[in-house]
Structures are given as C-alpha cells and as structure tokens.
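What follows is a single structure, written as structure tokens, with notes after it.
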Amino acid sequence: MQKFMKAEVKAPFIQLFFSTSKEHPTHQTQVLLDVAYGNDPEQKMDLYLPMRRNEDTKVFILLHGGGWSGGSRDRLHYFIPMLREEFPDHAIVNMDYRLASFESPAFPKQVQDVETAIAFIEEGNYNIGNQYTFIGMSAGAHLAMLYSYRHDMHRNVKAVCSIVGPSDFTDPFYVSHPYYQYAAMYLLGHSKSHEDAVFGISPANFVNPLSPPTILFYGGKDPLVPRSQAERLKAKLDANGVYNEYYLYENGGHSKWEASIAENFRTKLVAFIKAKF
C-alpha cells in the first residue's frame with residue numbers, strides 16, 4: 001500500500017531533457033518562493049512573474065503527483081526552465097496542496113486548495129491575468145482535470161495537460177486494479193464508496209462542450225494508471241466536441257520515459273500550448 005501511494009512520481013529522463021534548457025538572460029522573472037496562500041503549512045507556492053507583466057499575462061499552474069498523499073511542488077521544478085524559455089511572458093505558479101491521509105482524505109480539500117490558490121493570486125498585487133493552463137502529473141493531473149471540468153465556474157481555465165492522470169473511478173478496468181482501493185481510501189476515506197461519491201471525483205463525468213482543450217500523455221506500461229483511463233476520457237472529450245490530443249507511449253511507464261519519448265513529449269506539449277493558450 002505505502003509502496004503505491006508514496007511512490008515517487010519522477011520522470012528522470014524528462015527532467016534531464018528539460019533541465020538542459022537555457023533561460024534567455026533578457027527573460028528573467030521575479031521569483032517568489034514559499035509564498036503562503038493559506039494558513040496550513042502545506043498551502044505554499046512558488047511564483048515566477050515575468051518582468052513585462054500586466055492584466056493580460058497568462059498563467060501556468062503546476063500540480064505535482066504523489067498519490068494524493070505524498071510529493072511536493074519540488075517534483076515539477078524541472079518544468080520551470082522549459083516554460084520560462086518557451087513562454088517568457090507567462091507567469092508560473094508551482095503549488096503544493098494539503099496531503100491526504102485515511103483520516104483526512106483528499107476530496108474535497110485538495111480541490112478547495114486549488115480554488116484558494118487561484119483566489120489568492122487573483123486578489124494579490126501580482127499584476128497578472130486570470131487565464132490559466134494546468135499542467136498536472138498523476139494525482140496532480142487528476143486534480144487539474146477535476147477542477148477544470150467541474151469547479152471552474154468562471155471558465156478561466158483555457159487548457160489542461162494530463163500526464164498519467166486518473167480520470168474515471170467508475171472505469172470497471174480501473175476498479176479491478178490491485179491499487180484502486182488505496183486510491184479510493186486516500187481520495188474519499190473508504191475503499192467501498194457510495195456511487196455518487198465515486199462519480200463526483202471522476203473528471204471524465206464532468207466533461208461538457210465548454211470544457212477546455214486537453215492534452216493527454218500516458219504510458220502503455222504504467223503499473224498504476226491503466227490506459228483505459230485515457231481512452232475513456234478521450235471518448236468523453238470527443239463526444240462533447242472538446243479539442244483534445246492523446247499520446248500513448250507504448251513502452252512508457254508512470255512518466256518514467258526514455259529520452260526519445262521525453263523529447264517527443266516536450267515538442268507535443270509546447271505545440272499544444274502555443275496553439276491553444
């Protein structure tokens with residue numbers, strides 16, 4: 001159980017590829033680290049603010065993985081150089097959220113943390129806009145999709161990237177997965193949840209024609225998140241006419257991808273963001 005839920009959601013080859021990016025000296029940003037957006041010690045974020053920012057400045061929000069019960073924003077630091085290089089006029093928010101336990105499950109507090117963080121940056125004196133693209137890894141991708149499809153009442157999320165994110169807890173293939181019960185415990189506090197509760201934490205169930213464009217990256221050899229999660233979500237996106245791209249790396253694991261995959265991943269992600277954000 002602990003092996004799964006505390007498993008490191010690392011992407012060493014992706015990290016290596018992104019970390020070789022060189023930031024252009026004229027595109028330096030103001031960096032604000034360990035900013036508290038709430039009263040809980042885990043409610044912290046790092047902000048990267050472009051020098052030439054204004055009320056139209058677009059914002060990336062990064063959400064880390066870790067099985068809802070572990071991890072931190074440090075896991076996605078390797079994205080920062082790439083985003084600053086490719087999108088020097090965008091702001092970046094790399095946020096932590098309150099981690100789950102069986103006694104204090106992820107839902108709804110982690111979605112509430114996303115809401116609180118967005119309210120914090122919108123109410124702060126940061127001189128940036130309120131158009132967002134989420135980039136989420138694993139559990140963070142689940143939160144990104146759930147917020148974007150179900151909780152973004154103002155339609156300010158303009159694009160979503162899911163990297164090996166669970167999307168549908170009603171998926172029979174996922175329900176039979178040996179780790180499913182532990183995911184349910186951390187999300188809801190019990191492994192045999194009421195049907196309405198399981199429905200409510202499944203982002204795929206809230207896709208509608210106004211949902212934001214979505215790009216999906218999954219691994220064919222992922223031991224934690226089966227490919228059916230991506231396939232069911234894509235079917236919902238297609239049925240609702242929502243622009244989406246789906247990339248399955250047959251030899252890829254739970255984001256532990258070789259260098260050639262990492263290069264393809266970056267190319268596809270950057271092109272998607274430039275086209276849709």
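Ordering of the structure tokens sets the chain letters (A, B, ...), residue numbers begin anew at 1 in every chain, and ligands are numbered from 1 in the order given.
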
Using only C-alpha atoms, find each residue in segment 84-146 of chain A having at least one atom no more than 12 Å away from segment 166-171 of chain A; report its shortest atom-to-atom pair and that distance in Å (one decimal), rows by chain then rising number, as JSON lines.
```
{"residue": "A:Gly136", "atom": "CA", "partner": "A:Pro166", "partner_atom": "CA", "distance": 10.8}
{"residue": "A:Met137", "atom": "CA", "partner": "A:Pro166", "partner_atom": "CA", "distance": 9.8}
{"residue": "A:Ser138", "atom": "CA", "partner": "A:Pro166", "partner_atom": "CA", "distance": 6.7}
{"residue": "A:Ala139", "atom": "CA", "partner": "A:Pro166", "partner_atom": "CA", "distance": 6.9}
{"residue": "A:Gly140", "atom": "CA", "partner": "A:Pro166", "partner_atom": "CA", "distance": 9.3}
{"residue": "A:Ala141", "atom": "CA", "partner": "A:Pro166", "partner_atom": "CA", "distance": 7.3}
{"residue": "A:His142", "atom": "CA", "partner": "A:Pro166", "partner_atom": "CA", "distance": 5.4}
{"residue": "A:Leu143", "atom": "CA", "partner": "A:Pro166", "partner_atom": "CA", "distance": 9.1}
{"residue": "A:Ala144", "atom": "CA", "partner": "A:Ser167", "partner_atom": "CA", "distance": 10.2}
{"residue": "A:Met145", "atom": "CA", "partner": "A:Ser167", "partner_atom": "CA", "distance": 7.6}
{"residue": "A:Leu146", "atom": "CA", "partner": "A:Ser167", "partner_atom": "CA", "distance": 8.2}
```

For this session: Find the residues near His77 of chain A: any atom within 10 Å, counting only C-alpha atoms, skip ones fewer than 2 places away on the same chain, and give them as a ChimeraX atom specification.
Result: /A:15,18-19,46,62,64,72-75,79-82,94

Problem set entry | Residue contacts of Asp152 of chain A (12 Å, only C-alpha atoms) excluding same-chain residues fewer than 5 positions away, as a list in words | Val111, Gln112, Val114, Glu115, Ile118, Ala119, Asn130, Gln131, Tyr132, Phe134, Leu143, Ala144, Met145, Leu146, Tyr147, Val157, Lys158, Ala159, Phe206, Val207, Leu210, Ser211 and Pro212 of chain A

For this session: Would you mind listing what lies within 10 Å of Asp40 of chain A as a ChimeraX atom specification, with only C-alpha atoms counted and same-chain residues fewer than 3 positions away left out?
Result: /A:36-37,43-44,97-98

Output file for the residues above (N, CA and C atoms, as a short mmCIF file (atom, residue, chain, number, x, y, z; two decimals), in the first residue's frame):
```
data_model
loop_
_atom_site.label_atom_id
_atom_site.label_comp_id
_atom_site.auth_asym_id
_atom_site.auth_seq_id
_atom_site.Cartn_x
_atom_site.Cartn_y
_atom_site.Cartn_z
N ALA A 36 2.85 31.70 1.14
CA ALA A 36 1.71 31.06 1.79
C ALA A 36 0.42 31.58 1.20
N TYR A 37 -0.41 30.66 0.68
CA TYR A 37 -1.70 31.09 0.16
C TYR A 37 -2.85 30.70 1.10
N GLN A 43 0.09 24.68 2.48
CA GLN A 43 -0.50 25.58 1.48
C GLN A 43 0.54 26.63 1.09
N LYS A 44 1.50 26.19 0.28
CA LYS A 44 2.59 27.04 -0.18
C LYS A 44 2.70 26.97 -1.70
N TYR A 97 -0.30 21.36 -2.10
CA TYR A 97 -1.67 21.29 -1.56
C TYR A 97 -1.63 20.37 -0.35
N ARG A 98 -2.66 20.44 0.47
CA ARG A 98 -2.70 19.62 1.68
C ARG A 98 -2.77 18.13 1.30
#
```

So that each row is one residue of segment 47-139 of chain A with an atom at most 9 Å from segment 31-35 of chain A, can you give its shortest atom pair and the distance in Å to one decimal, using only C-alpha atoms, rows by chain and rising number, as CSV?
```
residue,atom,partner,partner_atom,distance
A:Leu47,CA,A:Leu32,CA,5.0
A:Tyr48,CA,A:Val31,CA,4.7
A:Leu49,CA,A:Val31,CA,6.4
A:Pro50,CA,A:Val31,CA,8.9
```

Exercise. Using the chain letters and numbers from this document, which residues of segment 17-88 of chain A does DSSP assign to helix (DSSP H, G or I), as a PyMOL selection string?
Worked result: chain A and resi 17-19+25-27+73-76+79-86

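Backbone DSSP assigns strand (DSSP E or B) in segment 77-106 of chain A to Ala91, Ile92, Val93, Asn94 and Met95 of chain A.
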
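Comparing A:Thr267, A:Ser202, A:Asn208, A:Ser101 by their smallest distance to Asn240 of chain A, the closest is A:Asn208 (using only C-alpha atoms).
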
Problem set entry | Test item: residues at most 6 Å from segment 214-218 of chain A, only C-alpha atoms, excluding those fewer than 3 positions along its chain, as a list in words | Ala159, Val160, Cys161, Ser162, Ile163, Val164, Asn244, Glu245, Tyr246, Tyr247 and Leu248 of chain A

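Using only C-alpha atoms, the nearest neighbour of Gln181 of chain A within the list A:Val198, A:Ile121, A:Val270, A:Ile261 is A:Val198.
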
For this session: Would you kindly return, as a VMD selection string, each protein, DNA or RNA residue with an atom no farther than 9 Å from any atom of Ala91 of chain A, considering only C-alpha atoms and excluding same-chain residues fewer than 6 positions away?
Result: chain A and resid 29 47 to 50 53 57 to 61 84 128 to 129

Output N, CA, C and O atoms for every residue in that selection, as a PDB file, in the first residue's frame.
```pdb
ATOM      1  N   THR A  29      12.688  36.545 -14.605  1.00  0.00           N
ATOM      2  CA  THR A  29      11.428  36.822 -13.931  1.00  0.00           C
ATOM      3  C   THR A  29      11.680  37.107 -12.467  1.00  0.00           C
ATOM      4  O   THR A  29      12.742  36.802 -11.917  1.00  0.00           O
ATOM      5  N   LEU A  47       6.077  31.390  -7.116  1.00  0.00           N
ATOM      6  CA  LEU A  47       5.571  32.177  -8.236  1.00  0.00           C
ATOM      7  C   LEU A  47       6.732  32.708  -9.058  1.00  0.00           C
ATOM      8  O   LEU A  47       7.730  33.209  -8.509  1.00  0.00           O
ATOM      9  N   TYR A  48       6.588  32.609 -10.373  1.00  0.00           N
ATOM     10  CA  TYR A  48       7.562  33.122 -11.323  1.00  0.00           C
ATOM     11  C   TYR A  48       6.829  34.157 -12.176  1.00  0.00           C
ATOM     12  O   TYR A  48       5.969  33.810 -12.992  1.00  0.00           O
ATOM     13  N   LEU A  49       7.184  35.416 -11.987  1.00  0.00           N
ATOM     14  CA  LEU A  49       6.441  36.517 -12.606  1.00  0.00           C
ATOM     15  C   LEU A  49       7.308  37.198 -13.656  1.00  0.00           C
ATOM     16  O   LEU A  49       8.418  37.649 -13.344  1.00  0.00           O
ATOM     17  N   PRO A  50       6.838  37.273 -14.896  1.00  0.00           N
ATOM     18  CA  PRO A  50       7.631  37.918 -15.943  1.00  0.00           C
ATOM     19  C   PRO A  50       7.758  39.416 -15.705  1.00  0.00           C
ATOM     20  O   PRO A  50       6.868  40.049 -15.139  1.00  0.00           O
ATOM     21  N   ARG A  53       4.858  42.122 -17.249  1.00  0.00           N
ATOM     22  CA  ARG A  53       3.551  41.528 -16.960  1.00  0.00           C
ATOM     23  C   ARG A  53       2.484  42.607 -16.848  1.00  0.00           C
ATOM     24  O   ARG A  53       2.746  43.759 -16.532  1.00  0.00           O
ATOM     25  N   THR A  57      -1.448  38.978 -18.716  1.00  0.00           N
ATOM     26  CA  THR A  57      -0.435  37.936 -18.604  1.00  0.00           C
ATOM     27  C   THR A  57      -1.073  36.596 -18.245  1.00  0.00           C
ATOM     28  O   THR A  57      -1.799  36.477 -17.255  1.00  0.00           O
ATOM     29  N   LYS A  58      -0.790  35.587 -19.049  1.00  0.00           N
ATOM     30  CA  LYS A  58      -1.359  34.260 -18.825  1.00  0.00           C
ATOM     31  C   LYS A  58      -0.540  33.496 -17.772  1.00  0.00           C
ATOM     32  O   LYS A  58       0.635  33.806 -17.538  1.00  0.00           O
ATOM     33  N   VAL A  59      -1.176  32.498 -17.171  1.00  0.00           N
ATOM     34  CA  VAL A  59      -0.596  31.843 -16.002  1.00  0.00           C
ATOM     35  C   VAL A  59      -0.624  30.323 -16.161  1.00  0.00           C
ATOM     36  O   VAL A  59      -1.675  29.739 -16.474  1.00  0.00           O
ATOM     37  N   PHE A  60       0.523  29.681 -15.931  1.00  0.00           N
ATOM     38  CA  PHE A  60       0.588  28.229 -15.788  1.00  0.00           C
ATOM     39  C   PHE A  60       0.419  27.870 -14.318  1.00  0.00           C
ATOM     40  O   PHE A  60       1.011  28.513 -13.443  1.00  0.00           O
ATOM     41  N   ILE A  61      -0.343  26.830 -14.035  1.00  0.00           N
ATOM     42  CA  ILE A  61      -0.443  26.280 -12.690  1.00  0.00           C
ATOM     43  C   ILE A  61       0.013  24.830 -12.742  1.00  0.00           C
ATOM     44  O   ILE A  61      -0.553  24.018 -13.485  1.00  0.00           O
ATOM     45  N   ARG A  84       9.814  28.840 -18.865  1.00  0.00           N
ATOM     46  CA  ARG A  84      10.340  30.210 -18.922  1.00  0.00           C
ATOM     47  C   ARG A  84      11.025  30.491 -20.258  1.00  0.00           C
ATOM     48  O   ARG A  84      10.999  31.619 -20.752  1.00  0.00           O
ATOM     49  N   ILE A 128      -1.044  40.174 -12.850  1.00  0.00           N
ATOM     50  CA  ILE A 128      -1.132  39.138 -13.867  1.00  0.00           C
ATOM     51  C   ILE A 128      -2.602  38.863 -14.158  1.00  0.00           C
ATOM     52  O   ILE A 128      -3.492  39.340 -13.438  1.00  0.00           O
ATOM     53  N   GLY A 129      -2.860  38.112 -15.210  1.00  0.00           N
ATOM     54  CA  GLY A 129      -4.232  37.873 -15.634  1.00  0.00           C
ATOM     55  C   GLY A 129      -4.865  36.674 -14.946  1.00  0.00           C
ATOM     56  O   GLY A 129      -4.300  36.078 -14.029  1.00  0.00           O
TER      57      GLY A 129
END
```

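Note that atom CA of Asn54 of chain A and atom CA of Phe120 of chain A are 16.8 Å apart.
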